[in-house]
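Data block below; observations after.
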Number of protein chains: 2
Amino acid sequence: MSQHRHPGAPKRAGAVPALPDLPEATVARLPEYLRALHNLAESGHETVSSEGLASAAGVNSAKLRKDLSHLGSYGTRGVGYDVALLVDHIEYVLGLTQGRAVALVGVGNLGHALAGYDGFASRGFRIAALFDADPSRVGEVINGLIVQHVDDLARVAAEELISIGLIATPASAAQPVADQLVAVGVTSILNFAPCVLSVPEGVDVRKVDLAIELQILSFHEHRKASLTALPATGGSALTALPGGLAATDTQEAIGT
Amino acid sequence: MSQHRHPGAPKRAGAVPALPDLPEATVARLPEYLRALHNLAESGHETVSSEGLASAAGVNSAKLRKDLSHLGSYGTRGVGYDVALLVDHIEYVLGLTQGRAVALVGVGNLGHALAGYDGFASRGFRIAALFDADPSRVGEVINGLIVQHVDDLARVAAEELISIGLIATPASAAQPVADQLVAVGVTSILNFAPCVLSVPEGVDVRKVDLAIELQILSFHEHRKASLTALPATGGSALTALPGGLAATDTQEAIGT
DNA sequence: CGCGATTTGTGCACGTCTTCACAAGCGCCT
DNA sequence: AGGCGCTTGTGAAGACGTGCACAAATCGCG
């Protein structure tokens with residue numbers, strides 16, 4: 001073992017390994033494992049146990065093992081997982097080895113921040129083009145890229161293969177932008193606008209809504225407050241917990 | 001029917017209604033319903049059917065009905081749901097009627113955008129204070145708020161009840177900041193830093209990682225590409241689909 | 001060479017979420 | 001008043017995800 005072969009080309013490089021279709025929940029956790037593995041690699045670890053990696057990624061170790069088992073056997077019993085090997089394989093499975101180009105539409109408040117976010121480049125994504133519908137914004141240079149008019153999307157997409165589209169426009173503009181992205185062949189969209197997008201079959205849309213996250217937290221705050229406010233619901237004030245108000249039965253950290 | 005009573009105080013205002021503990025999946029969808037309802041209200045709808053609301057929120061109508069049934073019966077058979085009434089009730093359940101104050105720590109690239117994001121205020125959240133550890137940033141005015149040093153967090157929290165903490169720092173600073181937030185009594189944290197936070201029981205943490213979302217999309221791109229690249233896996237090239245390459249069996253839009 | 005310590009991979013049971021399908025309820029029209 | 005069409009609310013079944021617990025496999029050591 002040791003010496004990982006050629007990074008980025010696990011298994012046999014001839015035929016495409018025909019990606020096993022992983023459970024969606026597993027896919028959602030792989031990036032987290034990957035980040036933890038990168039940290040471990042930087043701190044000099046060659047191997048890591050499922051227990052160690054699980055705690056670094058904030059999940060149950062059994063869950064981690066089951067997730068990784070879906071990728072095939074990349075661990076050694078009695079030893080653990082080869083960090084470098086696992087990094088290579090997860091990156092391959094996630095399709096990160098091909099330096100995907102993303103197009104960002106909408107350079108307003110949020111879009112500006114996304115354009116300057118360095119967490120993308122460090123993980124295999126390259127912001128290839130910026131667009132906006134506002135003519136007064138066109139021409140502006142952000143992070144070395146020139147903002148272009150959204151109507152030029154087709155032209156730019158013809159020059160460069162866009163892998164993923166980011167929508168950071170106001171809600172009212174999001175659907176037309178999505179249509180334009182789909183029209184130029186984009187089949188994956190990350191939507192920051194607070195609205196639902198309708199797209200043809202075969203196009204994947206993920207949504208990130210900051211206000212929704214806050215509202216979910218707000219619910220839990222509300223619930224926690226209502227619980228501590230009236231501990232005597234349903235009688236039995238005797239069961240008042242000795243630990244005081246810290247003993248709410250909330251799930252610790254919330255998952256995905 | 002008709003005339004919703006006092007907005008913001010559903011059921012009897014005397015005893016706290018002791019929030020039913022909703023399924024987590026339902027809670028995550030309520031904000032989406034709420035947004036859709038606000039849109040409907042603005043466009044003049046008084047009532048809406050489960051079918052109509054479901055399509056506006058991008059979910060199955062049966063799922064929506066079951067979700068709403070967990071809140072109690074707020075619909076009328078043969079008619080639908082009273083839009084204004086439902087808005088009031090969902091806002092109450094989510095705890096949005098109390099104008100929650102959020103503290104934002106880290107006014108770098110992303111934090112800057114969050115501080116200026118108007119989608120928070122429009123949904124019941126008020127950014128009450130900005131913090132940063134970098135002395136050169138302290139004193140800067142963003143959106144009418146002065147950036148304060150993170151060590152002043154305790155003092156500020158004493159003046160104002162902070163309901164939710166936002167962490168938009170680099171990963172290395174996130175854990176200490178989380179500890180400080182917890183120390184001043186914050187029990188809900190929204191973490192934008194790419195790392196796992198460890199917090200005491202009773203504290204809720206949600207994580208938003210933009211790079212993770214991209215990586216999930218990347219996986220699906222990779223899978224779609226590998227599917228269209230070799231349609232003859234497992235023999236039977238005869239089953240080539242008449243519709244050409246558009247007939248991948250991918251799930252349409254990805255859920256939560 | 002064999003044994004014990006260690007850790008992976010997984011069968012199984014359990015809980016949660018989703019979806020279907022339909023009875024119950026409501027309003028409207030005749 | 002009665003019946004009809006429409007819509008909600010929900011039981012039940014199935015799909016999915018999770019976590020336990022243990023067998024299988026590997027390494028190191030005597």
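Ligands are numbered from 1 in the order shown, chains are lettered A, B, ... in the order of the structure tokens, and residues start at 1 in each chain.
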Subject >> Proximal residues of chain C relative to chain B (only C-alpha atoms (C1' of nucleotides); 12 Å) as a ChimeraX atom specification >> reply: /C:15-21,24-28
Writer output for current selection, N, CA and C atoms (P, O5', C5', C4', C3', O3' and C1' of nucleotides), as a PDB file, in the first residue's frame:
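Contents of part_15.pdb, as written:
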ATOM      1  P    DG C  15     -38.229   2.956  17.155  1.00  0.00           P
ATOM      2  O5'  DG C  15     -38.065   4.349  16.390  1.00  0.00           O
ATOM      3  C5'  DG C  15     -36.837   5.073  16.506  1.00  0.00           C
ATOM      4  C4'  DG C  15     -36.703   6.035  15.342  1.00  0.00           C
ATOM      5  C3'  DG C  15     -37.942   6.899  15.129  1.00  0.00           C
ATOM      6  O3'  DG C  15     -37.544   8.258  15.115  1.00  0.00           O
ATOM      7  C1'  DG C  15     -37.287   5.836  13.091  1.00  0.00           C
ATOM      8  P    DT C  16     -38.654   9.401  15.016  1.00  0.00           P
ATOM      9  O5'  DT C  16     -38.440   9.932  13.520  1.00  0.00           O
ATOM     10  C5'  DT C  16     -37.117  10.102  13.038  1.00  0.00           C
ATOM     11  C4'  DT C  16     -37.157  10.406  11.552  1.00  0.00           C
ATOM     12  C3'  DT C  16     -38.259  11.396  11.150  1.00  0.00           C
ATOM     13  O3'  DT C  16     -37.681  12.377  10.314  1.00  0.00           O
ATOM     14  C1'  DT C  16     -38.358   9.470   9.800  1.00  0.00           C
ATOM     15  P    DC C  17     -38.506  13.680   9.943  1.00  0.00           P
ATOM     16  O5'  DC C  17     -38.836  13.419   8.412  1.00  0.00           O
ATOM     17  C5'  DC C  17     -37.788  13.060   7.542  1.00  0.00           C
ATOM     18  C4'  DC C  17     -38.358  12.562   6.233  1.00  0.00           C
ATOM     19  C3'  DC C  17     -39.463  13.446   5.632  1.00  0.00           C
ATOM     20  O3'  DC C  17     -39.071  13.786   4.321  1.00  0.00           O
ATOM     21  C1'  DC C  17     -40.096  11.171   5.610  1.00  0.00           C
ATOM     22  P    DT C  18     -40.044  14.734   3.426  1.00  0.00           P
ATOM     23  O5'  DT C  18     -40.736  13.686   2.452  1.00  0.00           O
ATOM     24  C5'  DT C  18     -39.938  12.773   1.738  1.00  0.00           C
ATOM     25  C4'  DT C  18     -40.808  11.810   0.946  1.00  0.00           C
ATOM     26  C3'  DT C  18     -41.901  12.489   0.112  1.00  0.00           C
ATOM     27  O3'  DT C  18     -41.810  11.962  -1.199  1.00  0.00           O
ATOM     28  C1'  DT C  18     -42.817  10.747   1.425  1.00  0.00           C
ATOM     29  P    DT C  19     -42.494  12.782  -2.409  1.00  0.00           P
ATOM     30  O5'  DT C  19     -43.715  11.847  -2.805  1.00  0.00           O
ATOM     31  C5'  DT C  19     -43.506  10.449  -2.960  1.00  0.00           C
ATOM     32  C4'  DT C  19     -44.819   9.712  -2.846  1.00  0.00           C
ATOM     33  C3'  DT C  19     -46.007  10.423  -3.510  1.00  0.00           C
ATOM     34  O3'  DT C  19     -46.403   9.657  -4.637  1.00  0.00           O
ATOM     35  C1'  DT C  19     -46.580   9.480  -1.384  1.00  0.00           C
ATOM     36  P    DC C  20     -47.642  10.120  -5.524  1.00  0.00           P
ATOM     37  O5'  DC C  20     -48.739   9.051  -5.100  1.00  0.00           O
ATOM     38  C5'  DC C  20     -48.363   7.690  -4.907  1.00  0.00           C
ATOM     39  C4'  DC C  20     -49.484   6.912  -4.231  1.00  0.00           C
ATOM     40  C3'  DC C  20     -50.869   7.137  -4.839  1.00  0.00           C
ATOM     41  O3'  DC C  20     -51.495   5.874  -5.041  1.00  0.00           O
ATOM     42  C1'  DC C  20     -50.923   7.515  -2.496  1.00  0.00           C
ATOM     43  P    DA C  21     -52.736   5.743  -6.035  1.00  0.00           P
ATOM     44  O5'  DA C  21     -53.947   5.588  -5.023  1.00  0.00           O
ATOM     45  C5'  DA C  21     -53.776   4.798  -3.855  1.00  0.00           C
ATOM     46  C4'  DA C  21     -54.903   5.101  -2.879  1.00  0.00           C
ATOM     47  C3'  DA C  21     -56.230   5.467  -3.549  1.00  0.00           C
ATOM     48  O3'  DA C  21     -57.266   4.764  -2.899  1.00  0.00           O
ATOM     49  C1'  DA C  21     -55.624   7.135  -2.023  1.00  0.00           C
ATOM     50  P    DA C  24     -66.073   8.526   6.528  1.00  0.00           P
ATOM     51  O5'  DA C  24     -65.784  10.070   6.786  1.00  0.00           O
ATOM     52  C5'  DA C  24     -64.622  10.434   7.520  1.00  0.00           C
ATOM     53  C4'  DA C  24     -64.523  11.955   7.587  1.00  0.00           C
ATOM     54  C3'  DA C  24     -65.845  12.660   7.885  1.00  0.00           C
ATOM     55  O3'  DA C  24     -65.589  13.740   8.768  1.00  0.00           O
ATOM     56  C1'  DA C  24     -64.968  13.446   5.828  1.00  0.00           C
ATOM     57  P    DG C  25     -66.788  14.601   9.334  1.00  0.00           P
ATOM     58  O5'  DG C  25     -66.645  15.957   8.513  1.00  0.00           O
ATOM     59  C5'  DG C  25     -65.401  16.633   8.553  1.00  0.00           C
ATOM     60  C4'  DG C  25     -65.411  17.793   7.581  1.00  0.00           C
ATOM     61  C3'  DG C  25     -66.610  18.735   7.716  1.00  0.00           C
ATOM     62  O3'  DG C  25     -66.108  20.056   7.696  1.00  0.00           O
ATOM     63  C1'  DG C  25     -66.370  18.029   5.482  1.00  0.00           C
ATOM     64  P    DC C  26     -66.972  21.229   8.407  1.00  0.00           P
ATOM     65  O5'  DC C  26     -67.184  22.226   7.202  1.00  0.00           O
ATOM     66  C5'  DC C  26     -66.051  22.626   6.434  1.00  0.00           C
ATOM     67  C4'  DC C  26     -66.494  23.056   5.064  1.00  0.00           C
ATOM     68  C3'  DC C  26     -67.757  23.919   5.060  1.00  0.00           C
ATOM     69  O3'  DC C  26     -67.385  25.247   4.743  1.00  0.00           O
ATOM     70  C1'  DC C  26     -67.729  22.297   3.278  1.00  0.00           C
ATOM     71  P    DG C  27     -68.451  26.437   4.782  1.00  0.00           P
ATOM     72  O5'  DG C  27     -68.792  26.598   3.244  1.00  0.00           O
ATOM     73  C5'  DG C  27     -67.731  26.811   2.326  1.00  0.00           C
ATOM     74  C4'  DG C  27     -68.237  26.745   0.901  1.00  0.00           C
ATOM     75  C3'  DG C  27     -69.423  27.680   0.606  1.00  0.00           C
ATOM     76  O3'  DG C  27     -69.210  28.266  -0.662  1.00  0.00           O
ATOM     77  C1'  DG C  27     -70.012  25.450   0.080  1.00  0.00           C
ATOM     78  P    DC C  28     -70.050  29.541  -1.082  1.00  0.00           P
ATOM     79  O5'  DC C  28     -70.717  29.033  -2.440  1.00  0.00           O
ATOM     80  C5'  DC C  28     -69.962  28.192  -3.309  1.00  0.00           C
ATOM     81  C4'  DC C  28     -70.883  27.438  -4.256  1.00  0.00           C
ATOM     82  C3'  DC C  28     -72.093  28.267  -4.727  1.00  0.00           C
ATOM     83  O3'  DC C  28     -72.266  28.047  -6.112  1.00  0.00           O
ATOM     84  C1'  DC C  28     -72.829  26.234  -3.799  1.00  0.00           C
TER      85       DC C  28
END
Using only C-alpha atoms (C1' of nucleotides), I'd like a table of the residues in chain D that come within 10 Å of chain B; for each, show the closest atom pair and its distance in Å rounded to one decimal, ordered by chain and ascending number, as a Markdown table.
| residue | atom | partner | partner_atom | distance |
| --- | --- | --- | --- | --- |
| D:DG5 | C1' | B:Gly78 | CA | 8.6 |
| D:DC6 | C1' | B:Gly78 | CA | 4.8 |
| D:DT7 | C1' | B:Gly78 | CA | 4.0 |
| D:DT8 | C1' | B:Arg77 | CA | 4.6 |
| D:DG9 | C1' | B:Ser69 | CA | 6.8 |
| D:DT10 | C1' | B:Lys66 | CA | 8.1 |
**OP:** Tell me the residues of chain B close to chain A, meaning within 6 Å using only C-alpha atoms, as a list in words.
**Re:** Pro31, Leu94, Gly95, Asn109, Leu110, Ala113, Phe120, Glu201, Gly202, Asp204, Val205, Arg206, Ala211, Ile212, Ser218, Phe219, His222, Thr250, Glu252, Ala253 and Ile254 of chain B
Subject >> Filtered DSSP result for segment 164-241 of chain B, state helix (DSSP H, G or I), as a PyMOL selection string >> reply: chain B and resi 171-183+210-229+237-239
Subject >> Two-atom distance - atom CA of Ala158 of chain A, atom CA of Phe131 of chain A (Å) >> reply: 14.9 Å
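If you look at atom CA of Asp152 of chain A and atom CA of Pro170 of chain A, they are 19.2 Å away from each other.
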So that I can check the secondary structure, give me every residue of segment 47-195 of chain A assigned strand (DSSP E) by backbone DSSP, as a short mmCIF file (atom, residue, chain, number, x, y, z; two decimals) with N, CA and C atoms, in the first residue's frame.
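out-v5.cif written:
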data_model
loop_
_atom_site.label_atom_id
_atom_site.label_comp_id
_atom_site.auth_asym_id
_atom_site.auth_seq_id
_atom_site.Cartn_x
_atom_site.Cartn_y
_atom_site.Cartn_z
N THR A 47 -2.80 8.23 7.65
CA THR A 47 -4.03 7.45 7.69
C THR A 47 -4.93 8.01 8.79
N VAL A 48 -6.18 7.63 8.74
CA VAL A 48 -7.14 8.09 9.75
C VAL A 48 -8.19 7.01 9.93
N GLY A 75 -10.58 1.46 2.65
CA GLY A 75 -9.96 1.42 3.97
C GLY A 75 -9.26 0.10 4.18
N THR A 76 -8.47 0.03 5.23
CA THR A 76 -7.79 -1.22 5.58
C THR A 76 -8.16 -1.56 7.01
N GLY A 80 -7.20 1.73 9.07
CA GLY A 80 -7.97 2.94 8.82
C GLY A 80 -7.96 3.28 7.34
N TYR A 81 -8.14 4.55 7.02
CA TYR A 81 -8.19 4.97 5.64
C TYR A 81 -6.91 5.73 5.28
N ASP A 82 -6.40 5.48 4.10
CA ASP A 82 -5.26 6.23 3.59
C ASP A 82 -5.77 7.61 3.19
N ARG A 100 -13.97 22.80 -12.73
CA ARG A 100 -15.22 23.27 -13.32
C ARG A 100 -15.33 24.79 -13.35
N ALA A 101 -15.85 25.27 -14.45
CA ALA A 101 -16.05 26.70 -14.61
C ALA A 101 -17.47 27.08 -14.22
N VAL A 102 -17.61 28.10 -13.40
CA VAL A 102 -18.94 28.54 -13.01
C VAL A 102 -19.17 29.96 -13.50
N ALA A 103 -20.39 30.22 -13.88
CA ALA A 103 -20.78 31.56 -14.30
C ALA A 103 -21.67 32.16 -13.24
N LEU A 104 -21.40 33.39 -12.87
CA LEU A 104 -22.17 34.05 -11.82
C LEU A 104 -23.00 35.17 -12.44
N VAL A 105 -24.30 35.08 -12.22
CA VAL A 105 -25.20 36.10 -12.75
C VAL A 105 -25.76 36.91 -11.60
N PHE A 125 -13.12 25.03 -8.16
CA PHE A 125 -14.06 25.78 -8.98
C PHE A 125 -13.44 27.10 -9.42
N ARG A 126 -13.72 27.47 -10.63
CA ARG A 126 -13.16 28.69 -11.16
C ARG A 126 -14.30 29.56 -11.66
N ILE A 127 -14.40 30.75 -11.10
CA ILE A 127 -15.42 31.65 -11.61
C ILE A 127 -14.95 32.18 -12.94
N ALA A 128 -15.68 31.80 -13.98
CA ALA A 128 -15.21 32.05 -15.34
C ALA A 128 -15.78 33.33 -15.92
N ALA A 129 -16.93 33.76 -15.42
CA ALA A 129 -17.55 34.95 -16.00
C ALA A 129 -18.56 35.54 -15.05
N LEU A 130 -18.69 36.85 -15.10
CA LEU A 130 -19.68 37.56 -14.28
C LEU A 130 -20.66 38.26 -15.20
N PHE A 131 -21.92 38.23 -14.81
CA PHE A 131 -22.95 38.87 -15.62
C PHE A 131 -23.87 39.69 -14.74
N ASP A 132 -24.47 40.69 -15.35
CA ASP A 132 -25.52 41.45 -14.68
C ASP A 132 -26.42 42.05 -15.74
N VAL A 141 -14.98 45.90 -12.86
CA VAL A 141 -14.03 44.81 -12.68
C VAL A 141 -14.07 44.32 -11.23
N ILE A 142 -14.35 43.06 -11.06
CA ILE A 142 -14.40 42.46 -9.73
C ILE A 142 -13.44 41.29 -9.70
N LEU A 145 -12.15 40.09 -12.93
CA LEU A 145 -13.07 39.73 -14.00
C LEU A 145 -13.97 40.91 -14.36
N ILE A 146 -14.26 41.04 -15.65
CA ILE A 146 -15.11 42.12 -16.10
C ILE A 146 -16.56 41.67 -16.11
N VAL A 147 -17.42 42.49 -15.53
CA VAL A 147 -18.85 42.18 -15.54
C VAL A 147 -19.40 42.40 -16.94
N GLN A 148 -20.06 41.38 -17.46
CA GLN A 148 -20.61 41.48 -18.80
C GLN A 148 -22.13 41.50 -18.72
N HIS A 149 -22.74 41.95 -19.82
CA HIS A 149 -24.20 41.97 -19.81
C HIS A 149 -24.74 40.57 -19.97
N ILE A 164 -21.47 25.12 -14.25
CA ILE A 164 -22.46 25.43 -13.23
C ILE A 164 -22.81 26.91 -13.30
N GLY A 165 -24.08 27.21 -13.11
CA GLY A 165 -24.52 28.60 -13.09
C GLY A 165 -24.93 29.02 -11.69
N LEU A 166 -24.49 30.19 -11.28
CA LEU A 166 -24.89 30.75 -9.99
C LEU A 166 -25.83 31.91 -10.23
N ILE A 167 -26.97 31.88 -9.59
CA ILE A 167 -27.93 32.97 -9.73
C ILE A 167 -27.98 33.76 -8.44
N SER A 188 -26.65 22.58 -14.28
CA SER A 188 -26.60 22.64 -12.82
C SER A 188 -26.64 24.10 -12.39
N ILE A 189 -27.55 24.41 -11.50
CA ILE A 189 -27.76 25.79 -11.09
C ILE A 189 -27.80 25.87 -9.57
N LEU A 190 -27.08 26.83 -9.05
CA LEU A 190 -27.16 27.13 -7.62
C LEU A 190 -27.87 28.46 -7.48
N ASN A 191 -29.03 28.43 -6.86
CA ASN A 191 -29.90 29.59 -6.83
C ASN A 191 -29.91 30.27 -5.46
#
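In this structure, atom CA of Ala41 of chain B sits 7.1 Å away from atom CA of Ala84 of chain B.
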Contacts of DA23 of chain D at 10 Å (only C-alpha atoms (C1' of nucleotides); same-chain gap of 2+ positions) as an mmCIF file with C-alpha atoms (C1' of nucleotides), in the first residue's frame:
data_model
loop_
_atom_site.group_PDB
_atom_site.id
_atom_site.type_symbol
_atom_site.label_atom_id
_atom_site.label_comp_id
_atom_site.auth_asym_id
_atom_site.auth_seq_id
_atom_site.Cartn_x
_atom_site.Cartn_y
_atom_site.Cartn_z
ATOM 1 C "C1'" DG C 9 -17.637 -3.290 6.265
ATOM 2 C "C1'" DT C 10 -22.424 -4.639 6.745
ATOM 3 C "C1'" DA D 21 -23.621 -4.551 16.983
ATOM 4 C "C1'" DA D 25 -9.932 -8.845 7.836
#
